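*Asks:* Structure file upload19.cif (mmCIF, C-alpha atoms) is given on the next line.
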```cif
data_input
loop_
_atom_site.label_atom_id
_atom_site.label_comp_id
_atom_site.auth_asym_id
_atom_site.auth_seq_id
_atom_site.Cartn_x
_atom_site.Cartn_y
_atom_site.Cartn_z
CA GLU A 238 87.95 89.06 176.31
CA THR A 239 85.40 87.61 173.90
CA GLY A 240 87.83 86.23 171.32
CA VAL A 241 86.93 88.91 168.79
CA THR A 242 89.36 91.78 168.22
CA GLN A 243 88.90 94.96 166.23
CA THR A 244 91.37 97.54 164.98
CA PRO A 245 91.64 100.42 165.14
CA ARG A 246 89.67 101.23 168.29
CA HIS A 247 89.25 104.85 167.25
CA LEU A 248 89.33 106.42 163.80
CA VAL A 249 88.87 110.00 162.64
CA MET A 250 88.61 110.55 158.92
CA GLY A 251 87.64 113.20 156.44
CA MET A 252 84.89 112.70 153.92
CA THR A 253 87.34 112.12 151.07
CA ASN A 254 89.53 109.57 152.86
CA LYS A 255 89.67 105.85 152.36
CA LYS A 256 90.16 103.69 155.42
CA SER A 257 89.51 100.13 156.51
CA LEU A 258 88.28 98.53 159.72
CA LYS A 259 89.60 95.11 160.65
CA CYS A 260 88.04 92.34 162.68
CA GLU A 261 89.57 89.02 163.68
CA GLN A 262 87.97 86.17 165.57
CA HIS A 263 89.90 83.43 167.37
CA LEU A 264 86.90 81.21 168.11
CA GLY A 265 86.78 78.99 165.05
CA HIS A 266 83.40 80.41 164.09
CA ASN A 267 81.94 80.23 160.59
CA ALA A 268 79.81 83.39 160.58
CA MET A 269 80.87 87.02 160.98
CA TYR A 270 78.84 90.22 161.17
CA TRP A 271 79.20 93.99 160.91
CA TYR A 272 76.86 96.18 162.97
CA LYS A 273 76.48 99.95 163.26
CA GLN A 274 75.66 101.33 166.68
CA SER A 275 74.39 104.90 166.94
CA ALA A 276 73.30 106.59 170.14
CA LYS A 277 69.74 105.80 171.29
CA LYS A 278 69.10 103.50 168.34
CA PRO A 279 68.97 99.73 168.01
CA LEU A 280 71.98 98.00 166.57
CA GLU A 281 71.79 97.99 162.80
CA LEU A 282 72.95 94.84 161.08
CA MET A 283 74.98 95.79 158.02
CA PHE A 284 76.50 92.61 156.60
CA VAL A 285 76.70 88.90 157.36
CA TYR A 286 79.26 86.46 156.05
CA SER A 287 78.96 82.71 156.34
CA LEU A 288 81.93 80.61 155.30
CA GLU A 289 83.36 83.66 153.55
CA GLU A 290 80.24 84.26 151.46
CA ARG A 291 78.04 87.29 152.00
CA VAL A 292 74.56 86.14 153.01
CA GLU A 293 73.00 89.41 154.17
CA ASN A 294 73.33 92.95 152.88
CA ASN A 295 70.84 95.21 154.59
CA SER A 296 70.55 98.09 152.14
CA VAL A 297 73.88 99.53 153.17
CA PRO A 298 75.25 102.39 151.04
CA SER A 299 78.00 101.44 148.64
CA ARG A 300 80.47 103.69 150.45
CA PHE A 301 80.73 100.73 152.88
CA SER A 302 82.38 97.73 151.28
CA PRO A 303 82.93 94.50 153.25
CA GLU A 304 85.53 91.87 152.58
CA CYS A 305 85.94 88.43 154.14
CA PRO A 306 89.17 86.79 152.91
CA ASN A 307 88.81 83.82 155.28
CA SER A 308 86.57 82.72 158.12
CA SER A 309 88.72 84.42 160.75
CA HIS A 310 88.99 87.89 159.23
CA LEU A 311 86.49 90.50 158.23
CA PHE A 312 87.15 93.98 156.86
CA LEU A 313 84.97 97.01 156.29
CA HIS A 314 86.37 99.35 153.66
CA LEU A 315 85.23 102.96 153.97
CA HIS A 316 85.19 105.50 151.14
CA THR A 317 83.74 109.03 150.89
CA LEU A 318 81.78 108.74 154.10
CA GLN A 319 79.33 111.31 155.45
CA PRO A 320 79.26 112.86 158.93
CA GLU A 321 76.10 110.86 159.71
CA ASP A 322 78.19 107.69 159.34
CA SER A 323 79.94 108.56 162.59
CA ALA A 324 79.13 105.72 164.99
CA LEU A 325 80.52 102.70 166.79
CA TYR A 326 81.08 99.85 164.35
CA LEU A 327 80.89 96.44 165.95
CA CYS A 328 82.06 93.14 164.58
CA ALA A 329 80.63 89.85 165.85
CA SER A 330 80.96 86.17 165.13
CA SER A 331 78.90 83.07 165.80
CA GLN A 332 79.38 79.35 165.35
CA GLU A 333 77.05 79.24 162.36
CA TRP A 334 74.74 81.41 160.30
CA ALA A 335 71.79 79.11 160.65
CA PRO A 336 68.37 80.20 159.46
CA GLY A 337 65.84 77.55 160.28
CA LEU A 338 67.90 76.03 163.04
CA ALA A 339 67.71 76.60 166.73
CA GLY A 340 70.53 76.36 169.10
CA ASN A 341 73.65 77.88 170.40
CA ASN A 342 73.96 80.68 167.95
CA GLU A 343 74.76 83.50 170.31
CA GLN A 344 77.02 86.12 168.85
CA PHE A 345 80.33 87.20 170.34
CA PHE A 346 81.19 90.85 169.87
CA GLY A 347 84.41 92.75 169.51
CA PRO A 348 85.02 96.04 171.37
CA GLY A 349 84.14 98.14 168.34
CA THR A 350 85.75 100.92 166.34
CA ARG A 351 84.60 104.42 167.23
CA LEU A 352 84.45 106.23 163.88
CA THR A 353 84.21 109.99 163.52
CA VAL A 354 83.73 111.48 160.07
CA LEU A 355 84.58 115.17 159.82
CA ALA B 52 57.78 91.34 161.15
CA GLN B 53 60.05 90.67 164.06
CA SER B 54 60.57 93.42 166.60
CA VAL B 55 61.84 94.02 170.09
CA ALA B 56 60.88 96.85 172.40
CA GLN B 57 62.64 98.07 175.48
CA PRO B 58 60.19 100.62 176.86
CA GLU B 59 62.60 102.33 179.25
CA ASP B 60 65.59 104.32 178.05
CA GLN B 61 66.95 104.41 181.59
CA VAL B 62 66.44 102.52 184.84
CA ASN B 63 67.76 103.84 188.15
CA VAL B 64 68.20 101.51 191.11
CA ALA B 65 69.82 101.78 194.52
CA GLU B 66 72.56 99.28 195.28
CA GLY B 67 71.19 96.21 197.03
CA ASN B 68 67.69 96.64 195.62
CA PRO B 69 66.19 94.30 193.04
CA LEU B 70 66.32 95.43 189.43
CA THR B 71 64.18 94.76 186.38
CA VAL B 72 64.91 95.74 182.79
CA LYS B 73 61.91 95.24 180.54
CA CYS B 74 61.70 93.69 177.10
CA THR B 75 58.76 92.75 174.90
CA TYR B 76 58.97 91.05 171.55
CA SER B 77 56.99 90.23 168.44
CA VAL B 78 57.79 87.26 166.19
CA SER B 79 55.73 85.05 163.93
CA GLY B 80 56.94 81.74 165.34
CA ASN B 81 58.75 80.48 168.42
CA PRO B 82 61.10 83.13 169.72
CA TYR B 83 64.71 82.73 170.68
CA LEU B 84 65.52 85.51 173.13
CA PHE B 85 68.80 86.95 174.30
CA TRP B 86 70.13 89.56 176.68
CA TYR B 87 73.44 91.33 176.14
CA VAL B 88 75.25 93.90 178.27
CA GLN B 89 77.57 96.66 177.06
CA TYR B 90 79.99 98.34 179.42
CA PRO B 91 81.49 101.71 178.45
CA ASN B 92 83.92 101.50 175.53
CA ARG B 93 83.32 97.78 175.15
CA GLY B 94 81.43 95.52 172.78
CA LEU B 95 78.32 93.60 173.74
CA GLN B 96 78.69 90.65 176.09
CA PHE B 97 76.25 87.74 176.13
CA LEU B 98 74.32 87.40 179.40
CA LEU B 99 71.71 84.72 178.85
CA LYS B 100 69.29 83.21 176.37
CA TYR B 101 65.94 81.45 176.17
CA ILE B 102 65.54 78.76 173.53
CA THR B 103 63.12 76.30 175.09
CA GLY B 104 62.38 74.70 178.45
CA ASP B 105 62.04 76.45 181.80
CA ASN B 106 60.64 79.93 181.60
CA LEU B 107 63.16 81.20 184.14
CA VAL B 108 66.62 81.40 182.64
CA LYS B 109 69.73 82.00 184.72
CA GLY B 110 72.74 83.74 183.26
CA SER B 111 76.02 85.43 184.04
CA TYR B 112 76.74 87.77 186.97
CA GLY B 113 73.64 86.70 188.90
CA PHE B 114 71.17 87.85 186.26
CA GLU B 115 68.07 85.92 185.29
CA ALA B 116 65.21 86.47 182.89
CA GLU B 117 61.64 85.24 182.77
CA PHE B 118 60.03 84.23 179.51
CA ASN B 119 56.30 84.98 179.47
CA LYS B 120 54.64 83.78 176.30
CA SER B 121 51.21 85.24 177.02
CA GLN B 122 52.64 88.69 177.64
CA THR B 123 55.36 88.29 174.96
CA SER B 124 57.90 89.52 177.47
CA PHE B 125 61.41 88.57 178.51
CA HIS B 126 62.32 90.85 181.41
CA LEU B 127 65.82 90.81 182.86
CA LYS B 128 66.08 90.65 186.65
CA LYS B 129 68.57 90.55 189.48
CA PRO B 130 67.67 90.19 193.16
CA SER B 131 70.32 92.60 194.46
CA ALA B 132 71.90 95.24 192.21
CA LEU B 133 75.58 96.18 192.30
CA VAL B 134 77.14 99.49 191.27
CA SER B 135 79.21 97.48 188.79
CA ASP B 136 75.99 96.40 187.02
CA SER B 137 75.67 99.93 185.64
CA ALA B 138 75.79 99.51 181.86
CA LEU B 139 73.68 99.44 178.70
CA TYR B 140 71.48 96.37 178.32
CA PHE B 141 70.13 95.04 175.03
CA CYS B 142 67.37 92.54 174.47
CA ALA B 143 67.37 90.63 171.17
CA VAL B 144 65.13 88.14 169.40
CA ARG B 145 65.77 85.61 166.68
CA ASP B 146 63.03 83.63 165.03
CA PHE B 147 63.23 80.12 163.74
CA GLN B 148 63.23 81.17 160.10
CA GLY B 149 65.83 83.89 160.22
CA GLY B 150 69.43 83.69 161.25
CA LYS B 151 69.84 87.25 162.39
CA LEU B 152 69.23 88.88 165.74
CA ILE B 153 66.91 91.85 166.06
CA PHE B 154 67.98 94.15 168.88
CA GLY B 155 66.05 96.59 171.02
CA GLN B 156 67.28 100.15 171.39
CA GLY B 157 68.90 99.44 174.75
CA THR B 158 68.22 100.41 178.36
CA GLU B 159 70.79 102.24 180.41
CA LEU B 160 70.93 100.85 183.93
CA SER B 161 72.34 103.10 186.63
CA VAL B 162 72.96 101.63 190.08
CA LYS B 163 73.80 104.18 192.79
CA PRO B 164 75.51 103.41 196.11
#
```
For the structure just supplied, provide its representation as structure tokens.

*Replies:*
Amino acid sequence: ETGVTQTPRHLVMGMTNKKSLKCEQHLGHNAMYWYKQSAKKPLELMFVYSLEERVENNSVPSRFSPECPNSSHLFLHLHTLQPEDSALYLCASSQEWAPGLAGNNEQFFGPGTRLTVL
Amino acid sequence: AQSVAQPEDQVNVAEGNPLTVKCTYSVSGNPYLFWYVQYPNRGLQFLLKYITGDNLVKGSYGFEAEFNKSQTSFHLKKPSALVSDSALYFCAVRDFQGGKLIFGQGTELSVKP
């Protein structure tokens, strides 16, 4: 176990549904991340939160809406998704979000939510 | 711009043989390099990293990686492969200016008995 949990593990939704993905980290980290993983493609960074403030938003469509109520929890709210949004959504955390600093900033990943949009 | 390339989609190795998974990178400054492994239906697990110091880095599960600045490579190696090493391996780079990791597309390692 990495100390990062995600629920649900699998989700099937229609294009008109609204659903949310949840991530929780038990590591005392200050930074949390959402990634999208599609087959045969590099991981795509979607959002980064540092101390509950969004610090990166990589041109993600507005049908994905993140929320970080505290440093231990991260949500991804989904609304009117498209079939091409089907993928594995991974949450990760790290001690800090630290541009300009070296060091022990490896990320710890949750098991992911396998999302299928019909 | 930062980038990472894993030139092989798949690597096949017989159990007991040495394995190499290749990674090359491009960054504007000093690179910080990472390897992660993903087993089926699991998230990514950290294997090892290079920040500074010795070019040969040792990590989890008997894996090691060699940083080669002149060839801008960071290949993952293991002297004797196990069937349980079969998984998807990702190389990632982070530069000094940016906080985020840039991942390669992954290499699927298959170790046969």

*Asks:* Taking all atoms listed in the file into account, which of A:Gln344, A:Asn295, A:Asn307, A:Gln319 comes nearest chain B?

*Replies:*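 Among the listed residues, A:Gln344 lies closest to chain B.
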
*Asks:* When you count all atoms listed in the file, which of these residues is closest to chain B: A:Arg291, A:His263, A:Arg351, A:Arg300?

*Replies:*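 Of A:Arg291, A:His263, A:Arg351, A:Arg300, the one nearest chain B is A:Arg351, counting all atoms listed in the file.
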
*Asks:* Near chain B, meaning an atom within 12 Å, which residues of chain A appear when counting all atoms listed in the file? Write them as a tab-separated table (two decimals) with C-alpha atoms, in the coordinates of the input.

*Replies:*
```tsv
chain	number	residue	atom	x	y	z
A	238	GLU	CA	87.95	89.06	176.31
A	239	THR	CA	85.40	87.61	173.90
A	240	GLY	CA	87.83	86.23	171.32
A	241	VAL	CA	86.93	88.91	168.79
A	242	THR	CA	89.36	91.78	168.22
A	243	GLN	CA	88.90	94.96	166.23
A	246	ARG	CA	89.67	101.23	168.29
A	247	HIS	CA	89.25	104.85	167.25
A	268	ALA	CA	79.81	83.39	160.58
A	269	MET	CA	80.87	87.02	160.98
A	270	TYR	CA	78.84	90.22	161.17
A	271	TRP	CA	79.20	93.99	160.91
A	272	TYR	CA	76.86	96.18	162.97
A	273	LYS	CA	76.48	99.95	163.26
A	274	GLN	CA	75.66	101.33	166.68
A	275	SER	CA	74.39	104.90	166.94
A	276	ALA	CA	73.30	106.59	170.14
A	277	LYS	CA	69.74	105.80	171.29
A	278	LYS	CA	69.10	103.50	168.34
A	279	PRO	CA	68.97	99.73	168.01
A	280	LEU	CA	71.98	98.00	166.57
A	281	GLU	CA	71.79	97.99	162.80
A	282	LEU	CA	72.95	94.84	161.08
A	283	MET	CA	74.98	95.79	158.02
A	284	PHE	CA	76.50	92.61	156.60
A	285	VAL	CA	76.70	88.90	157.36
A	286	TYR	CA	79.26	86.46	156.05
A	287	SER	CA	78.96	82.71	156.34
A	292	VAL	CA	74.56	86.14	153.01
A	293	GLU	CA	73.00	89.41	154.17
A	294	ASN	CA	73.33	92.95	152.88
A	295	ASN	CA	70.84	95.21	154.59
A	325	LEU	CA	80.52	102.70	166.79
A	326	TYR	CA	81.08	99.85	164.35
A	327	LEU	CA	80.89	96.44	165.95
A	328	CYS	CA	82.06	93.14	164.58
A	329	ALA	CA	80.63	89.85	165.85
A	330	SER	CA	80.96	86.17	165.13
A	331	SER	CA	78.90	83.07	165.80
A	332	GLN	CA	79.38	79.35	165.35
A	333	GLU	CA	77.05	79.24	162.36
A	334	TRP	CA	74.74	81.41	160.30
A	335	ALA	CA	71.79	79.11	160.65
A	336	PRO	CA	68.37	80.20	159.46
A	337	GLY	CA	65.84	77.55	160.28
A	338	LEU	CA	67.90	76.03	163.04
A	339	ALA	CA	67.71	76.60	166.73
A	340	GLY	CA	70.53	76.36	169.10
A	341	ASN	CA	73.65	77.88	170.40
A	342	ASN	CA	73.96	80.68	167.95
A	343	GLU	CA	74.76	83.50	170.31
A	344	GLN	CA	77.02	86.12	168.85
A	345	PHE	CA	80.33	87.20	170.34
A	346	PHE	CA	81.19	90.85	169.87
A	347	GLY	CA	84.41	92.75	169.51
A	348	PRO	CA	85.02	96.04	171.37
A	349	GLY	CA	84.14	98.14	168.34
A	350	THR	CA	85.75	100.92	166.34
A	351	ARG	CA	84.60	104.42	167.23
```

*Asks:* Could you tell me which residues the PyMOL selection byres ((chain A and resi 323) around 6) returns for this structure, as a list in words?

*Replies:*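 Selected by the PyMOL selection byres ((chain A and resi 323) around 6) in this file: Pro320, Glu321, Asp322, Ala324, Leu352, Thr353 and Val354 of chain A.
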
*Asks:* Using the chain letters and numbers from the file, give me the residues hit by the PyMOL selection byres ((chain B and resi 164) around 7), as a VMD selection string.

*Replies:* chain B and resid 65 to 66 134 162 to 163

*Asks:* Name the residues that the PyMOL selection byres ((chain B and resi 112-124) around 8) picks from the file above, as a list in words, using the file's chain letters and numbers.

*Replies:*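 So the PyMOL selection byres ((chain B and resi 112-124) around 8) ends up selecting Lys73, Cys74, Thr75, Tyr76, Ser77, Leu98, Leu99, Tyr101, Asn106, Leu107, Val108, Lys109, Gly110, Ser111, Phe125, His126, Leu127, Lys128 and Lys129 of chain B.
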
*Asks:* Report, in Å with one decimal, the straight-line distance from CA of Ser302 (chain A) to CA of Met250 (chain A).

*Replies:*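 Between CA of Ser302 (chain A) and CA of Met250 (chain A) the gap works out to 16.2 Å.
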